[in-house]
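Visitor: After the structure tokens below, expect a handful of questions from me.
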Amino acid sequence: MRVLAMAAMAAVCVAACAAAPKPSAEQVRAAGGVPIAPGIALFRGDFVPGRQPDGNSIVLQAPDGLIVFDTGRHREHTQRLLDHARASGEGIAAIINSHWHLDHSSGNRMLRRAYPDVEVLASDAVNGALTGFLADSRRQAQAMIDRGAIAEPQLSDVRGDMETIAEHDSLIPTRVVEHGEEREIAGRRMRIGFSANAATAGDVWLFDPATKVLLAGDLVTLPAPFLDTACPAGWRDALAALDAIDFKILVPGHGAPMDRAGFGQYRVAFDHLLACANGNDEAALCIDGWLRDAGTLVPASQQEQARRLLDYYVVQVLRAPPERRGRYCKAAA
Ligand SMILES: [Zn+2]
């Protein structure tokens, strides 16, 4: 009798437990996330003026554990991902880094410490960054600290980044992504994408066919494209590749999720920005054009920040001398 009751209970659990997403929507919210599709939670990255940003992180349930797409920069951000994993009762089975920028990958350290066997998928562009951009940044940051030129709260951010660069093992993937393909990640069938020479030398994105959710990383960033290590023309081509995917929701590297129409608007704004920067109009007109084209994708509260970013990018990146402008447009290997 007792055995029968237990068997009956197990049967109830098979039906009910399979239907209930783990963790529940309430648990996702309690950890600071937002459910965006069944089994997919978004942890928005903060971008407070005067501080370094966190990129968005997305956690997907999979048969073999959780998949974390981008791990954030600040401890508090990454801690939310760990809290979410604990609430779900599932371990983190895989990390995917959309690219090596530290607002998307610094959290690897905390997550790999908590889950030493985690699989880490990323492009190998981080190797070039560690001897190039990140090494230079670290040197410049140290010189500024020595001169007393950085004050809090930026100082803590800069010190955190320097620590991440010094202990860079956590940024190195266990599995290098060098082309797009359909594959199982933690037992979930997904399409992983690769774009060379776009926002970085190697950007990785993820499409979940079951929910039609596309995780774009920094190929889509708001309130403006972050062009520090970009090949603008390659980035434009990468956006065309994303447009060919049958997605319903696109989660950008920074900013709120958008539908197809929102992405279409982003593409137009991006193309116009590049065209304007290639022409002779004043930079301010190109920036006005970006804000007009992007419309509601850039909320009123972020317009000033968008202007500040683009003031720098149009003049210092898009209109830099050709050899500087093209330095992240290496021929694809
Ligand atoms: Zn970013």
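Numbering starts fresh at 1 for the residues of each chain in the structure tokens, the chains themselves are lettered A, B, ... in the order given, and ligands are numbered from 1 as they appear.
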At a cut-off of 12 Å, can you tabulate as a tab-separated table every residue of chain A near ligand 1 together with its closest atom pair and the distance in Å to one decimal, using only C-alpha atoms and all ligand atoms and ordering rows by chain then number?

Guide:
residue	atom	partner	partner_atom_place_in_ligand_line	distance
A:Arg44	CA	ligand 1	1 (Zn)	11.6
A:Gly45	CA	ligand 1	1 (Zn)	8.9
A:Asp46	CA	ligand 1	1 (Zn)	10.5
A:Phe47	CA	ligand 1	1 (Zn)	9.8
A:Gln52	CA	ligand 1	1 (Zn)	9.7
A:Pro53	CA	ligand 1	1 (Zn)	7.1
A:Asp54	CA	ligand 1	1 (Zn)	6.8
A:Gly55	CA	ligand 1	1 (Zn)	4.8
A:Asn56	CA	ligand 1	1 (Zn)	7.9
A:Ser57	CA	ligand 1	1 (Zn)	10.5
A:Asp70	CA	ligand 1	1 (Zn)	9.5
A:Thr71	CA	ligand 1	1 (Zn)	10.8
A:Gly72	CA	ligand 1	1 (Zn)	8.8
A:Arg73	CA	ligand 1	1 (Zn)	9.5
A:Asn97	CA	ligand 1	1 (Zn)	10.8
A:Ser98	CA	ligand 1	1 (Zn)	9.2
A:His99	CA	ligand 1	1 (Zn)	8.4
A:Trp100	CA	ligand 1	1 (Zn)	9.1
A:His101	CA	ligand 1	1 (Zn)	6.2
A:Leu102	CA	ligand 1	1 (Zn)	7.6
A:Asp103	CA	ligand 1	1 (Zn)	5.4
A:His104	CA	ligand 1	1 (Zn)	6.1
A:Ser105	CA	ligand 1	1 (Zn)	9.4
A:Ser106	CA	ligand 1	1 (Zn)	11.3
A:Ala199	CA	ligand 1	1 (Zn)	9.3
A:Thr200	CA	ligand 1	1 (Zn)	10.5
A:Asp203	CA	ligand 1	1 (Zn)	11.3
A:Ala216	CA	ligand 1	1 (Zn)	10.9
A:Gly217	CA	ligand 1	1 (Zn)	7.4
A:Asp218	CA	ligand 1	1 (Zn)	5.5
A:Leu219	CA	ligand 1	1 (Zn)	9.1
A:Val220	CA	ligand 1	1 (Zn)	9.3
A:Thr221	CA	ligand 1	1 (Zn)	7.2
A:Leu222	CA	ligand 1	1 (Zn)	9.4
A:Pro223	CA	ligand 1	1 (Zn)	11.3
A:Ala224	CA	ligand 1	1 (Zn)	10.7
A:Pro225	CA	ligand 1	1 (Zn)	9.2
A:Phe226	CA	ligand 1	1 (Zn)	7.2
A:Leu227	CA	ligand 1	1 (Zn)	10.1
A:Asp228	CA	ligand 1	1 (Zn)	10.3
A:Thr229	CA	ligand 1	1 (Zn)	11.0
A:Ala230	CA	ligand 1	1 (Zn)	11.8
A:Pro252	CA	ligand 1	1 (Zn)	9.3
A:Gly253	CA	ligand 1	1 (Zn)	5.7
A:His254	CA	ligand 1	1 (Zn)	6.3
A:Gly255	CA	ligand 1	1 (Zn)	10.1

Visitor: I need the chosen residues saved as a tab-separated table (two decimals), in the first residue's frame, with C-alpha atoms.

Guide:
chain	number	residue	atom	x	y	z
A	44	ARG	CA	19.46	43.24	-16.73
A	45	GLY	CA	22.88	44.85	-16.66
A	46	ASP	CA	23.01	48.23	-14.98
A	47	PHE	CA	24.54	51.22	-16.71
A	52	GLN	CA	31.33	50.96	-15.72
A	53	PRO	CA	28.37	49.00	-17.12
A	54	ASP	CA	27.29	45.39	-16.67
A	55	GLY	CA	26.03	43.62	-19.77
A	56	ASN	CA	22.72	41.74	-19.69
A	57	SER	CA	22.91	38.14	-18.51
A	70	ASP	CA	27.23	36.50	-20.25
A	71	THR	CA	28.29	36.82	-16.64
A	72	GLY	CA	28.45	40.59	-15.88
A	73	ARG	CA	31.18	42.75	-14.38
A	97	ASN	CA	30.47	34.63	-23.36
A	98	SER	CA	29.14	36.70	-26.25
A	99	HIS	CA	32.53	38.45	-26.34
A	100	TRP	CA	35.48	39.24	-24.07
A	101	HIS	CA	34.48	42.76	-22.92
A	102	LEU	CA	34.72	42.74	-19.15
A	103	ASP	CA	31.09	43.78	-18.60
A	104	HIS	CA	30.15	40.36	-20.05
A	105	SER	CA	32.89	38.08	-18.80
A	106	SER	CA	34.30	39.26	-15.42
A	199	ALA	CA	31.73	44.50	-32.07
A	200	THR	CA	34.96	42.58	-31.34
A	203	ASP	CA	31.23	37.79	-31.34
A	216	ALA	CA	22.56	39.03	-29.55
A	217	GLY	CA	25.27	40.12	-27.10
A	218	ASP	CA	26.76	43.51	-27.96
A	219	LEU	CA	25.83	43.28	-31.63
A	220	VAL	CA	22.80	45.17	-30.32
A	221	THR	CA	23.59	47.71	-27.61
A	222	LEU	CA	21.58	50.58	-26.24
A	223	PRO	CA	21.50	53.50	-25.77
A	224	ALA	CA	24.19	53.46	-28.51
A	225	PRO	CA	26.53	50.96	-30.17
A	226	PHE	CA	29.74	50.54	-28.13
A	227	LEU	CA	32.37	50.94	-30.81
A	228	ASP	CA	35.60	50.78	-28.75
A	229	THR	CA	36.92	47.55	-30.32
A	230	ALA	CA	34.63	47.37	-33.33
A	252	PRO	CA	20.52	42.96	-26.62
A	253	GLY	CA	23.83	43.12	-24.75
A	254	HIS	CA	22.61	46.31	-23.07
A	255	GLY	CA	19.03	47.57	-22.88

Visitor: Would you give me, as a list in words, the residues in segment 36-107 of chain A that DSSP reads as helix (DSSP H, G or I)?

Guide: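 Answer for segment 36-107 of chain A restricted to helix (DSSP H, G or I) is Arg75, Glu76, His77, Thr78, Gln79, Arg80, Leu81, Leu82, Asp83, His84, Ala85, Arg86, Ala87, Ser88, Leu102, Asp103, His104 and Ser105 of chain A.
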
Visitor: Give me the residues within 8 Å of segment 157-173 of chain A as a list in words, counting only C-alpha atoms and dropping any in the same chain fewer than 5 places off.

Guide: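 These residues fall inside the cut-off: Arg51, Gln52, His74, Trp100, Leu102, Ser105, Ser106, Asn108, Arg109, Arg112, Glu119, Val120, Leu121, Ala122, Ser123, Asp124, Val126, Asn127, Leu130, Leu134, Ala135, Arg138 and Ala141 of chain A.
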
Visitor: When distances are computed from only C-alpha atoms, which of A:Ala283, A:Val118, A:Val298, A:Ile40 shows the smallest separation from Ala186 of chain A?

Guide: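 Among the listed residues, the smallest separation from Ala186 of chain A belongs to A:Val118.
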
Visitor: Where in segment 55-254 of chain A does DSSP assign strand (DSSP E), given as an NGL selection string?

Guide: :A and (57-62 or 65-69 or 92-96 or 119-122 or 175-176 or 181-185 or 188-196 or 202-208 or 213-221 or 249-254)

Visitor: Need the shell around Glu182 of chain A: protein/DNA/RNA residues with any atom at most 12 Å away, counting only C-alpha atoms. Skip same-chain ones fewer than 6 positions apart. Format as a ChimeraX atom specification?

Guide: /A:188-194,205-209

Visitor: If you keep C-alpha atoms, can you produce a file of those selected residues as a compact mmCIF listing (two decimals), in the first residue's frame?

Guide:
# COMPACT_ATOMS: atom_id res chain seq x y z
CA ARG A 188 19.48 21.69 -25.01
CA ARG A 189 19.46 21.91 -28.81
CA MET A 190 20.40 25.45 -29.82
CA ARG A 191 21.94 27.41 -32.62
CA ILE A 192 25.15 29.13 -31.73
CA GLY A 193 26.32 31.88 -34.06
CA PHE A 194 29.67 33.49 -34.73
CA TRP A 205 25.30 34.85 -30.29
CA LEU A 206 22.68 32.25 -29.41
CA PHE A 207 19.29 31.37 -30.89
CA ASP A 208 16.85 29.11 -29.08
CA PRO A 209 14.53 27.58 -31.74

Visitor: Select, from A:Ala201, A:Ala241, A:Ala87, A:Ile150, the residue with the minimum atom-to-atom distance to Phe133 of chain A, counting only C-alpha atoms.

Guide: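 Between A:Ala201, A:Ala241, A:Ala87, A:Ile150, the residue approaching Phe133 of chain A most closely is A:Ala201.
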
Visitor: Would you list the contacts of Ala114 of chain A as a list in words, taking every protein, DNA or RNA residue within 10 Å and counting only C-alpha atoms, but skipping same-chain residues closer than 6 positions in sequence?

Guide: Leu82, Gly91, Ile92 and Asn108 of chain A

Visitor: Using N, CA and C atoms, can you export the residues from the last selection as a short mmCIF file (atom, residue, chain, number, x, y, z; two decimals), in the first residue's frame?

Guide:
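This went into part23.cif:
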data_model
loop_
_atom_site.label_atom_id
_atom_site.label_comp_id
_atom_site.auth_asym_id
_atom_site.auth_seq_id
_atom_site.Cartn_x
_atom_site.Cartn_y
_atom_site.Cartn_z
N LEU A 82 24.13 33.57 -9.31
CA LEU A 82 24.36 32.45 -8.38
C LEU A 82 23.12 32.21 -7.51
N GLY A 91 22.54 23.13 -11.01
CA GLY A 91 23.88 23.69 -11.14
C GLY A 91 24.03 24.44 -12.46
N ILE A 92 25.07 25.24 -12.57
CA ILE A 92 25.37 25.90 -13.85
C ILE A 92 26.25 24.95 -14.65
N ASN A 108 32.74 35.41 -14.91
CA ASN A 108 33.19 34.02 -15.10
C ASN A 108 33.93 33.52 -13.85
#

Visitor: Residues near Ile95 of chain A, anyone? I mean within 6 Å using only C-alpha atoms, not counting same-chain ones fewer than 6 positions away, as number ranges by chain.

Guide: A: 67-69, 120

Visitor: Those residues you just picked out, can you put them in a file as a tab-separated table (two decimals), in the first residue's frame with N, CA, C and O atoms?

Guide:
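part.tsv was written with the following content:
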chain	number	residue	atom	x	y	z
A	67	ILE	N	22.29	27.21	-18.35
A	67	ILE	CA	23.24	27.85	-19.28
A	67	ILE	C	23.20	29.34	-18.97
A	67	ILE	O	22.13	29.95	-18.94
A	68	VAL	N	24.36	29.93	-18.71
A	68	VAL	CA	24.43	31.37	-18.43
A	68	VAL	C	25.09	32.06	-19.63
A	68	VAL	O	26.23	31.74	-19.98
A	69	PHE	N	24.35	32.95	-20.24
A	69	PHE	CA	24.87	33.71	-21.38
A	69	PHE	C	25.30	35.08	-20.87
A	69	PHE	O	24.47	35.91	-20.53
A	120	VAL	N	32.80	26.34	-20.75
A	120	VAL	CA	32.79	27.76	-21.11
A	120	VAL	C	32.99	27.89	-22.62
A	120	VAL	O	34.04	27.50	-23.14

Visitor: In Å, how far is it from atom CA of Ala93 of chain A to atom CA of Leu66 of chain A?

Guide: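 Interatomic distance here is 5.4 Å.
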
Visitor: What's the 10 Å shell around Gly326 of chain A, counting only C-alpha atoms, without same-chain residues fewer than 6 positions away, as a list in words?

Guide: Ala230, Cys231, Pro232, Ala233, Val317, Leu318 and Ala320 of chain A

Visitor: Would you please work out which residue, of A:Leu215, A:Ala277, A:Gly107, A:Leu239, is nearest to Gln316 of chain A when using only C-alpha atoms?

Guide: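 Smallest separation from Gln316 of chain A among the options: A:Ala277.
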
Visitor: In Å, with one decimal, what is the gap from atom CA of Val314 of chain A to atom CA of Asp271 of chain A?

Guide: 13.2 Å

Visitor: Of the candidates A:Thr174, A:Gln140, A:Thr78, A:Gln265, which one gets nearest to Gly33 of chain A if we count only C-alpha atoms?

Guide: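 Closest candidate: A:Thr78.
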